[in-house]
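Presented below is the structure to which this report refers.
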Amino acid sequence: MKEINDNKNAWSLLSKDHYELYKKRLSDYKTHINENVMNELGDIQGKSLIHLQCNIGSDTIYLARLGLSKAVGVDLSESNVYYANKLAEEFRMSQVSFIESDVLELNKIHHEKYDIVFTSEGVLGWLPDLKKWAKVVRSMMKDDGFFYVYDSHPFFHIFDEEGLSIGKTDLKYDYFNAKPDESNDIGGYASDVKHGINYWWNHSVSDIINALIEAGLEIHYFHEFDTLFWQNGNMDEVKPYLFKYKHFNNQLPLSYSIKATVKK
Ligand SMILES: C[S@@+](CC[C@H](N)C(=O)[O-])C[C@H]1O[C@@H](n2cnc3c(N)ncnc32)[C@H](O)[C@@H]1O
């Protein structure tokens with residue numbers, strides 16, 4: 001698919017910058033996994049985990065450091081996977097490995113099952129087909145395992161980004177049946193902004209939840225947060241790596257999480 005291929009090329013432009021920044025953070029023993037996620041994931045010691053859309057694997061490595069028996073990261077970009085393997089080697093993480101794959105095609109090449117299927121921070125919007133995605137998620141779960149996602153909220157994504165930073169809620173994007181948004185720029189949150197055409201799909205809350213239910217999952221919770229995991233302009237960092245608009249308080253959901261298990 002042209003859009004997936006363009007996304008792959010665009011993300012690859014950022015790999016080296018991300019590697020350099022996150023290598024430094026991992027060396028300082030820091031992560032950008034925020035408190036919302038850490039609290040909800042709970043104790044992961046001794047568990048196996050697959051991390052979908054892992055970028056250059058820094059969060060995969062951080063989670064593995066918390067005592068995972070095995071961690072596997074998956075990403076579309078060859079150069080992300082190259083740098084992810086490099087990081088795992090540099091930090092001597094022998095229980096960590098990486099797979100280069102479109103997450104929507106992963107079940108064709110990978111048949112293992114995990115205690116935890118994990119994906120977070122800037123993920124679902126890169127995928128055109130959530131029904132296919134949810135089937136892949138289910139196929140990677142052990143029968144007693146769980147799935148966890150933490151991502152930006154689809155409702156927040158309908159507003160003009162620059163408007164939000166000055167307190168305006170101007171509608172700019174569709175919420176339902178959204179066509180992909182085409183952009184010429186990518187990055188900026190952990191690198192300079194680079195020029196590379198890319199496509200992003202806003203999926204409604206019901207599309208996300210129903211895709212998981214149809215794939216055979218049982219939703220344990222859907223949580224919403226008024227904090228975001230990147231600085232979107234004129235926001236305060238209220239906790240490490242969690243940002244809040246100065247002028248919106250309890251008014252907009254900015255991120256969400258879902259935990260689900262296999263329906264018995
Ligand atoms: C915003 S980043 C995720 C960052 C990640 N949370 C982290 O901690 O570094 C989105 C990632 O999704 C990957 N991606 C986009 N489309 C994908 C696809 N179809 N299959 C697998 N990975 C994909 C990109 O290559 C990119 O690394």
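Lettering and numbering for the structure tokens are positional, with chains as A, B, ... in the shown order, residues counted from 1 in each chain, and ligands counted from 1 in the shown order.
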
- Task: Return as a PyMOL selection string the full set of residues in region 1-241 of chain A whose backbone-based DSSP assignment is alpha helix (DSSP H).
- Result: chain A and resi 2-12+15-27+35-41+58-65+78-90+106-109+130-140+161-165+205-214

- Distance query region 25-29 of chain A at most 9 Å, only C-alpha atoms, self and fewer than 5 positions along chain excluded, as a ChimeraX atom specification: /A:20,58,61-62,91

Write the selection just made, keeping C-alpha atoms, as a PDB file, in the first residue's frame?
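Now in again_22.pdb:
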```pdb
ATOM      1  CA  GLU A  20      20.968   9.396  19.655  1.00  0.00           C
ATOM      2  CA  SER A  58      13.945   2.462  23.681  1.00  0.00           C
ATOM      3  CA  ILE A  61      14.429  -1.885  26.418  1.00  0.00           C
ATOM      4  CA  TYR A  62      13.183   0.176  29.346  1.00  0.00           C
ATOM      5  CA  PHE A  91      22.862  -2.065  26.640  1.00  0.00           C
TER       6      PHE A  91
END
```

Surroundings of ligand 1 up to 9 Å, based on only C-alpha atoms and all ligand atoms, as a PDB file with N, CA and C atoms, in the first residue's frame:
```pdb
ATOM      1  N   ILE A   4       1.367   3.188   3.350  1.00  0.00           N
ATOM      2  CA  ILE A   4       2.221   2.508   4.344  1.00  0.00           C
ATOM      3  C   ILE A   4       3.685   2.657   3.931  1.00  0.00           C
ATOM      4  N   ASN A   5       3.926   2.537   2.649  1.00  0.00           N
ATOM      5  CA  ASN A   5       5.295   2.670   2.159  1.00  0.00           C
ATOM      6  C   ASN A   5       5.842   4.087   2.389  1.00  0.00           C
ATOM      7  N   ASN A   7       4.807   6.087   4.734  1.00  0.00           N
ATOM      8  CA  ASN A   7       5.018   6.218   6.187  1.00  0.00           C
ATOM      9  C   ASN A   7       6.345   5.584   6.612  1.00  0.00           C
ATOM     10  N   LYS A   8       6.639   4.448   6.000  1.00  0.00           N
ATOM     11  CA  LYS A   8       7.895   3.746   6.318  1.00  0.00           C
ATOM     12  C   LYS A   8       9.093   4.651   5.980  1.00  0.00           C
ATOM     13  N   ASN A   9       9.043   5.252   4.799  1.00  0.00           N
ATOM     14  CA  ASN A   9      10.158   6.131   4.393  1.00  0.00           C
ATOM     15  C   ASN A   9      10.242   7.354   5.293  1.00  0.00           C
ATOM     16  N   ALA A  10       9.079   7.898   5.643  1.00  0.00           N
ATOM     17  CA  ALA A  10       9.079   9.109   6.475  1.00  0.00           C
ATOM     18  C   ALA A  10       9.644   8.807   7.862  1.00  0.00           C
ATOM     19  N   TRP A  11       9.181   7.719   8.481  1.00  0.00           N
ATOM     20  CA  TRP A  11       9.675   7.385   9.824  1.00  0.00           C
ATOM     21  C   TRP A  11      11.165   7.093   9.817  1.00  0.00           C
ATOM     22  N   SER A  12      11.641   6.539   8.711  1.00  0.00           N
ATOM     23  CA  SER A  12      13.068   6.187   8.641  1.00  0.00           C
ATOM     24  C   SER A  12      13.957   7.434   8.666  1.00  0.00           C
ATOM     25  N   LEU A  14      13.815   9.704  10.702  1.00  0.00           N
ATOM     26  CA  LEU A  14      14.011  10.141  12.092  1.00  0.00           C
ATOM     27  C   LEU A  14      14.862   9.172  12.912  1.00  0.00           C
ATOM     28  N   SER A  15      15.149   7.995  12.348  1.00  0.00           N
ATOM     29  CA  SER A  15      15.725   6.904  13.155  1.00  0.00           C
ATOM     30  C   SER A  15      17.013   7.311  13.870  1.00  0.00           C
ATOM     31  N   HIS A  18      16.480   9.818  16.686  1.00  0.00           N
ATOM     32  CA  HIS A  18      15.822   9.171  17.827  1.00  0.00           C
ATOM     33  C   HIS A  18      16.807   8.270  18.571  1.00  0.00           C
ATOM     34  N   TYR A  22      17.514   8.824  22.511  1.00  0.00           N
ATOM     35  CA  TYR A  22      17.053   7.805  23.451  1.00  0.00           C
ATOM     36  C   TYR A  22      18.216   6.987  24.020  1.00  0.00           C
ATOM     37  N   THR A  31      13.356   7.135  30.904  1.00  0.00           N
ATOM     38  CA  THR A  31      12.480   6.656  29.842  1.00  0.00           C
ATOM     39  C   THR A  31      11.476   7.754  29.589  1.00  0.00           C
ATOM     40  N   HIS A  32      10.749   7.684  28.483  1.00  0.00           N
ATOM     41  CA  HIS A  32       9.637   8.613  28.409  1.00  0.00           C
ATOM     42  C   HIS A  32       8.314   7.867  28.572  1.00  0.00           C
ATOM     43  N   ILE A  33       8.378   6.663  29.155  1.00  0.00           N
ATOM     44  CA  ILE A  33       7.115   6.005  29.529  1.00  0.00           C
ATOM     45  C   ILE A  33       6.582   6.762  30.746  1.00  0.00           C
ATOM     46  N   LEU A  52       4.293  -3.401  19.944  1.00  0.00           N
ATOM     47  CA  LEU A  52       3.966  -3.073  18.547  1.00  0.00           C
ATOM     48  C   LEU A  52       4.275  -1.609  18.272  1.00  0.00           C
ATOM     49  N   GLN A  53       4.867  -1.336  17.099  1.00  0.00           N
ATOM     50  CA  GLN A  53       5.254   0.028  16.675  1.00  0.00           C
ATOM     51  C   GLN A  53       6.256   0.644  17.671  1.00  0.00           C
ATOM     52  N   CYS A  54       7.337  -0.074  17.854  1.00  0.00           N
ATOM     53  CA  CYS A  54       8.286   0.232  18.941  1.00  0.00           C
ATOM     54  C   CYS A  54       9.290   1.321  18.603  1.00  0.00           C
ATOM     55  N   ASN A  55       9.242   1.875  17.378  1.00  0.00           N
ATOM     56  CA  ASN A  55      10.208   2.879  16.955  1.00  0.00           C
ATOM     57  C   ASN A  55      11.633   2.308  17.117  1.00  0.00           C
ATOM     58  N   ILE A  56      12.561   3.015  17.758  1.00  0.00           N
ATOM     59  CA  ILE A  56      13.930   2.480  17.847  1.00  0.00           C
ATOM     60  C   ILE A  56      14.118   1.680  19.145  1.00  0.00           C
ATOM     61  N   GLY A  57      13.000   1.226  19.724  1.00  0.00           N
ATOM     62  CA  GLY A  57      13.060   0.209  20.776  1.00  0.00           C
ATOM     63  C   GLY A  57      13.451   0.695  22.158  1.00  0.00           C
ATOM     64  N   SER A  58      13.489   2.004  22.359  1.00  0.00           N
ATOM     65  CA  SER A  58      13.945   2.462  23.681  1.00  0.00           C
ATOM     66  C   SER A  58      12.958   2.072  24.783  1.00  0.00           C
ATOM     67  N   ASP A  59      11.655   2.175  24.501  1.00  0.00           N
ATOM     68  CA  ASP A  59      10.687   1.760  25.528  1.00  0.00           C
ATOM     69  C   ASP A  59      10.688   0.247  25.712  1.00  0.00           C
ATOM     70  N   THR A  60      10.926  -0.478  24.634  1.00  0.00           N
ATOM     71  CA  THR A  60      11.017  -1.944  24.737  1.00  0.00           C
ATOM     72  C   THR A  60      12.135  -2.297  25.720  1.00  0.00           C
ATOM     73  N   VAL A  74       8.423  -4.534  17.492  1.00  0.00           N
ATOM     74  CA  VAL A  74       8.075  -4.651  16.067  1.00  0.00           C
ATOM     75  C   VAL A  74       7.962  -3.254  15.489  1.00  0.00           C
ATOM     76  N   ASP A  75       8.595  -3.021  14.362  1.00  0.00           N
ATOM     77  CA  ASP A  75       8.411  -1.730  13.690  1.00  0.00           C
ATOM     78  C   ASP A  75       8.516  -1.910  12.178  1.00  0.00           C
ATOM     79  N   LEU A  76       7.857  -0.969  11.481  1.00  0.00           N
ATOM     80  CA  LEU A  76       7.778  -0.971  10.023  1.00  0.00           C
ATOM     81  C   LEU A  76       9.099  -0.596   9.360  1.00  0.00           C
ATOM     82  N   SER A  77       9.863   0.257  10.030  1.00  0.00           N
ATOM     83  CA  SER A  77      11.028   0.862   9.393  1.00  0.00           C
ATOM     84  C   SER A  77      12.291   0.030   9.620  1.00  0.00           C
ATOM     85  N   GLU A  78      12.959  -0.289   8.535  1.00  0.00           N
ATOM     86  CA  GLU A  78      14.195  -1.077   8.621  1.00  0.00           C
ATOM     87  C   GLU A  78      15.240  -0.346   9.459  1.00  0.00           C
ATOM     88  N   ASN A  80      14.714   1.887  11.816  1.00  0.00           N
ATOM     89  CA  ASN A  80      14.342   1.846  13.240  1.00  0.00           C
ATOM     90  C   ASN A  80      14.786   0.523  13.858  1.00  0.00           C
ATOM     91  N   VAL A  81      14.549  -0.565  13.135  1.00  0.00           N
ATOM     92  CA  VAL A  81      14.907  -1.888  13.666  1.00  0.00           C
ATOM     93  C   VAL A  81      16.436  -2.028  13.748  1.00  0.00           C
ATOM     94  N   GLU A 100      11.290  -6.542  11.919  1.00  0.00           N
ATOM     95  CA  GLU A 100      10.855  -5.514  10.963  1.00  0.00           C
ATOM     96  C   GLU A 100       9.594  -6.023  10.276  1.00  0.00           C
ATOM     97  N   SER A 101       8.486  -5.331  10.487  1.00  0.00           N
ATOM     98  CA  SER A 101       7.234  -5.764   9.842  1.00  0.00           C
ATOM     99  C   SER A 101       6.184  -4.657   9.918  1.00  0.00           C
ATOM    100  N   ASP A 102       5.334  -4.628   8.937  1.00  0.00           N
ATOM    101  CA  ASP A 102       4.080  -3.890   9.048  1.00  0.00           C
ATOM    102  C   ASP A 102       3.261  -4.635  10.103  1.00  0.00           C
ATOM    103  N   VAL A 103       2.802  -3.944  11.103  1.00  0.00           N
ATOM    104  CA  VAL A 103       2.085  -4.631  12.175  1.00  0.00           C
ATOM    105  C   VAL A 103       0.846  -5.351  11.624  1.00  0.00           C
ATOM    106  N   LEU A 104       0.275  -4.821  10.556  1.00  0.00           N
ATOM    107  CA  LEU A 104      -0.932  -5.447   9.979  1.00  0.00           C
ATOM    108  C   LEU A 104      -0.620  -6.784   9.294  1.00  0.00           C
ATOM    109  N   GLU A 105       0.652  -7.049   9.030  1.00  0.00           N
ATOM    110  CA  GLU A 105       1.059  -8.299   8.365  1.00  0.00           C
ATOM    111  C   GLU A 105       1.829  -9.219   9.321  1.00  0.00           C
ATOM    112  N   LEU A 106       1.951  -8.799  10.561  1.00  0.00           N
ATOM    113  CA  LEU A 106       2.831  -9.509  11.498  1.00  0.00           C
ATOM    114  C   LEU A 106       2.458 -10.973  11.707  1.00  0.00           C
ATOM    115  N   THR A 119       1.245  -1.448  23.197  1.00  0.00           N
ATOM    116  CA  THR A 119       1.513  -0.442  22.162  1.00  0.00           C
ATOM    117  C   THR A 119       1.168   0.923  22.737  1.00  0.00           C
ATOM    118  N   SER A 120       1.988   1.933  22.455  1.00  0.00           N
ATOM    119  CA  SER A 120       1.722   3.218  23.108  1.00  0.00           C
ATOM    120  C   SER A 120       2.294   4.411  22.374  1.00  0.00           C
ATOM    121  N   GLU A 121       1.668   5.546  22.613  1.00  0.00           N
ATOM    122  CA  GLU A 121       2.160   6.885  22.264  1.00  0.00           C
ATOM    123  C   GLU A 121       2.385   7.111  20.773  1.00  0.00           C
ATOM    124  N   GLY A 122       1.327   7.428  20.088  1.00  0.00           N
ATOM    125  CA  GLY A 122       1.460   7.786  18.672  1.00  0.00           C
ATOM    126  C   GLY A 122       1.424   6.566  17.779  1.00  0.00           C
ATOM    127  N   VAL A 123       0.440   5.700  17.968  1.00  0.00           N
ATOM    128  CA  VAL A 123       0.467   4.426  17.242  1.00  0.00           C
ATOM    129  C   VAL A 123      -0.725   4.177  16.286  1.00  0.00           C
ATOM    130  N   LEU A 124      -1.948   4.164  16.781  1.00  0.00           N
ATOM    131  CA  LEU A 124      -3.052   3.676  15.943  1.00  0.00           C
ATOM    132  C   LEU A 124      -3.301   4.537  14.707  1.00  0.00           C
ATOM    133  N   GLY A 125      -3.003   5.811  14.779  1.00  0.00           N
ATOM    134  CA  GLY A 125      -3.234   6.704  13.638  1.00  0.00           C
ATOM    135  C   GLY A 125      -2.418   6.353  12.400  1.00  0.00           C
ATOM    136  N   TRP A 126      -1.377   5.562  12.577  1.00  0.00           N
ATOM    137  CA  TRP A 126      -0.546   5.176  11.424  1.00  0.00           C
ATOM    138  C   TRP A 126      -1.102   3.955  10.705  1.00  0.00           C
ATOM    139  N   LEU A 127      -2.220   3.415  11.234  1.00  0.00           N
ATOM    140  CA  LEU A 127      -2.746   2.159  10.683  1.00  0.00           C
ATOM    141  C   LEU A 127      -4.070   2.394   9.957  1.00  0.00           C
ATOM    142  N   PRO A 128      -4.184   1.955   8.707  1.00  0.00           N
ATOM    143  CA  PRO A 128      -5.426   2.184   7.966  1.00  0.00           C
ATOM    144  C   PRO A 128      -6.563   1.242   8.359  1.00  0.00           C
ATOM    145  N   ASP A 151      -2.733   5.936  24.032  1.00  0.00           N
ATOM    146  CA  ASP A 151      -2.496   6.726  22.814  1.00  0.00           C
ATOM    147  C   ASP A 151      -3.205   8.076  22.919  1.00  0.00           C
ATOM    148  N   GLY A 187       7.883  14.214  12.625  1.00  0.00           N
ATOM    149  CA  GLY A 187       8.862  14.368  13.706  1.00  0.00           C
ATOM    150  C   GLY A 187       8.680  15.660  14.462  1.00  0.00           C
ATOM    151  N   TYR A 189       9.172  15.845  17.805  1.00  0.00           N
ATOM    152  CA  TYR A 189       9.036  15.612  19.245  1.00  0.00           C
ATOM    153  C   TYR A 189      10.314  15.046  19.858  1.00  0.00           C
TER     154      TYR A 189
END
```

- Query: Using the chain letters and numbers from this document, which residues of region 83-137 of chain A does DSSP assign to strand (DSSP E), as a ChimeraX atom specification?
  - Reply: /A:96-100,114-120

Taking N, CA and C atoms for each residue, export the selection above as a PDB file, in the first residue's frame.
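Everything below was put into part15.pdb:
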```pdb
ATOM      1  N   VAL A  96      16.062  -9.090  24.665  1.00  0.00           N
ATOM      2  CA  VAL A  96      15.306  -8.186  23.791  1.00  0.00           C
ATOM      3  C   VAL A  96      15.667  -8.439  22.326  1.00  0.00           C
ATOM      4  N   SER A  97      14.654  -8.523  21.456  1.00  0.00           N
ATOM      5  CA  SER A  97      14.933  -8.641  20.018  1.00  0.00           C
ATOM      6  C   SER A  97      13.885  -7.844  19.243  1.00  0.00           C
ATOM      7  N   PHE A  98      14.133  -7.683  17.958  1.00  0.00           N
ATOM      8  CA  PHE A  98      13.250  -6.824  17.156  1.00  0.00           C
ATOM      9  C   PHE A  98      12.901  -7.481  15.825  1.00  0.00           C
ATOM     10  N   ILE A  99      11.717  -7.151  15.335  1.00  0.00           N
ATOM     11  CA  ILE A  99      11.226  -7.681  14.056  1.00  0.00           C
ATOM     12  C   ILE A  99      10.843  -6.501  13.173  1.00  0.00           C
ATOM     13  N   GLU A 100      11.290  -6.542  11.919  1.00  0.00           N
ATOM     14  CA  GLU A 100      10.855  -5.514  10.963  1.00  0.00           C
ATOM     15  C   GLU A 100       9.594  -6.023  10.276  1.00  0.00           C
ATOM     16  N   TYR A 114       2.274 -14.083  23.683  1.00  0.00           N
ATOM     17  CA  TYR A 114       2.907 -13.332  24.768  1.00  0.00           C
ATOM     18  C   TYR A 114       1.943 -13.111  25.930  1.00  0.00           C
ATOM     19  N   ASP A 115       2.538 -12.866  27.118  1.00  0.00           N
ATOM     20  CA  ASP A 115       1.721 -12.489  28.283  1.00  0.00           C
ATOM     21  C   ASP A 115       1.123 -11.103  28.082  1.00  0.00           C
ATOM     22  N   ILE A 116       1.904 -10.218  27.442  1.00  0.00           N
ATOM     23  CA  ILE A 116       1.452  -8.826  27.273  1.00  0.00           C
ATOM     24  C   ILE A 116       1.675  -8.388  25.827  1.00  0.00           C
ATOM     25  N   VAL A 117       0.619  -7.856  25.213  1.00  0.00           N
ATOM     26  CA  VAL A 117       0.762  -7.181  23.910  1.00  0.00           C
ATOM     27  C   VAL A 117       0.612  -5.694  24.220  1.00  0.00           C
ATOM     28  N   PHE A 118       1.660  -4.927  23.920  1.00  0.00           N
ATOM     29  CA  PHE A 118       1.746  -3.527  24.375  1.00  0.00           C
ATOM     30  C   PHE A 118       1.948  -2.602  23.186  1.00  0.00           C
ATOM     31  N   THR A 119       1.245  -1.448  23.197  1.00  0.00           N
ATOM     32  CA  THR A 119       1.513  -0.442  22.162  1.00  0.00           C
ATOM     33  C   THR A 119       1.168   0.923  22.737  1.00  0.00           C
ATOM     34  N   SER A 120       1.988   1.933  22.455  1.00  0.00           N
ATOM     35  CA  SER A 120       1.722   3.218  23.108  1.00  0.00           C
ATOM     36  C   SER A 120       2.294   4.411  22.374  1.00  0.00           C
TER      37      SER A 120
END
```

- Message: Counting only C-alpha atoms, which residue out of A:Lys142, A:Lys30, A:His203, A:Lys24 sits closest to Tyr241 (chain A)?
- Response: A:Lys30

Need to verify the contact set: Arg92 (chain A), 12 Å, only C-alpha atoms, exclusion of same-chain residues closer than 6 positions in sequence. Can you return it as a compact mmCIF listing (two decimals) with N, CA and C atoms, in the first residue's frame?
```
# COMPACT_ATOMS: atom_id res chain seq x y z
N ILE A 61 13.27 -1.61 25.56
CA ILE A 61 14.43 -1.89 26.42
C ILE A 61 14.15 -1.45 27.85
N ALA A 64 11.93 -3.98 29.43
CA ALA A 64 12.69 -5.22 29.68
C ALA A 64 13.53 -5.08 30.95
N ARG A 65 14.05 -3.88 31.16
CA ARG A 65 14.84 -3.63 32.37
C ARG A 65 14.05 -3.81 33.65
N ASN A 85 18.16 -2.75 17.35
CA ASN A 85 19.09 -3.86 17.62
C ASN A 85 20.41 -3.34 18.17
N LYS A 86 20.84 -2.21 17.64
CA LYS A 86 22.10 -1.59 18.11
C LYS A 86 21.98 -1.21 19.59
```

- Query: Quick one: of A:Leu21, A:Glu3, A:Leu13, A:Trp230, who's nearest to Trp201 (chain A), counting only C-alpha atoms?
  - Reply: A:Glu3

- Considering only C-alpha atoms, state which residue in the set A:Glu214, A:Asp207, A:Asp170, A:Asp160 is at the smallest distance from Lys135 (chain A).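 That would be A:Glu214, the residue with the smallest distance to Lys135 (chain A).
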
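What separates CA of Leu87 (chain A) from CA of Phe147 (chain A) is a distance of 25.2 Å.
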
- Item | Residue neighbourhood Ala211 (chain A), 8 Å, only C-alpha atoms, exclusion window fewer than 2 positions, as a ChimeraX atom specification | /A:130-131,134,207-209,213-215

- Any idea what the distance is between CA of Tyr173 (chain A) and CA of Lys132 (chain A)? 23.7 Å

- Write out as a PyMOL selection string each polymer residue whose atoms come within 6 Å of region 37-48 of chain A, counting only C-alpha atoms; drop sequence neighbours fewer than 2 positions from it. chain A and resi 34-35+67-71+114-115

- Task: Considering only C-alpha atoms, state which residue in the set A:Met93, A:Val193, A:Ile109, A:Met235 is at the smallest distance from Glu162 (chain A).
- Result: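 Closest candidate: A:Met235.
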
- Message: Could you list, as a list in words, every residue within 9 Å of Lys259 (chain A), counting only C-alpha atoms and ignoring same-chain residues fewer than 4 positions away?
- Response: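 In the requested format, the answer is Glu40, Leu41, Phe146, Phe147, Tyr148, Val149, Glu218, Ile219, His220, Tyr221, Phe222 and His223 of chain A.
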
For C-alpha atoms, I'd like the residues from the last selection saved as a compact mmCIF listing (two decimals), in the first residue's frame.
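File produced: selection.txt:
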```txt
# COMPACT_ATOMS: atom_id res chain seq x y z
CA GLU A 40 -1.64 0.78 34.68
CA LEU A 41 0.84 -1.81 33.43
CA PHE A 146 -3.53 -9.05 28.28
CA PHE A 147 -3.45 -6.24 25.74
CA TYR A 148 -2.68 -2.64 26.68
CA VAL A 149 -2.79 0.53 24.55
CA GLU A 218 -12.98 -8.40 26.50
CA ILE A 219 -12.44 -4.76 27.49
CA HIS A 220 -11.48 -4.33 31.16
CA TYR A 221 -11.35 -0.56 31.04
CA PHE A 222 -11.26 2.49 28.81
CA HIS A 223 -9.62 5.41 30.62
```

- Query: In Å to one decimal, how far is CA of Ala190 (chain A) from CA of Tyr245 (chain A)?
  - Reply: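 Taking CA of Tyr245 (chain A) and CA of Ala190 (chain A), their separation equals 19.8 Å.
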
- Task: Mind checking which residues fall within 10 Å of Glu112 (chain A), counting only C-alpha atoms, ignoring those fewer than 5 positions away in the same chain, and posting them as JSON, numbers by chain?
- Result: {"A": [50, 107, 139, 140, 141, 142]}
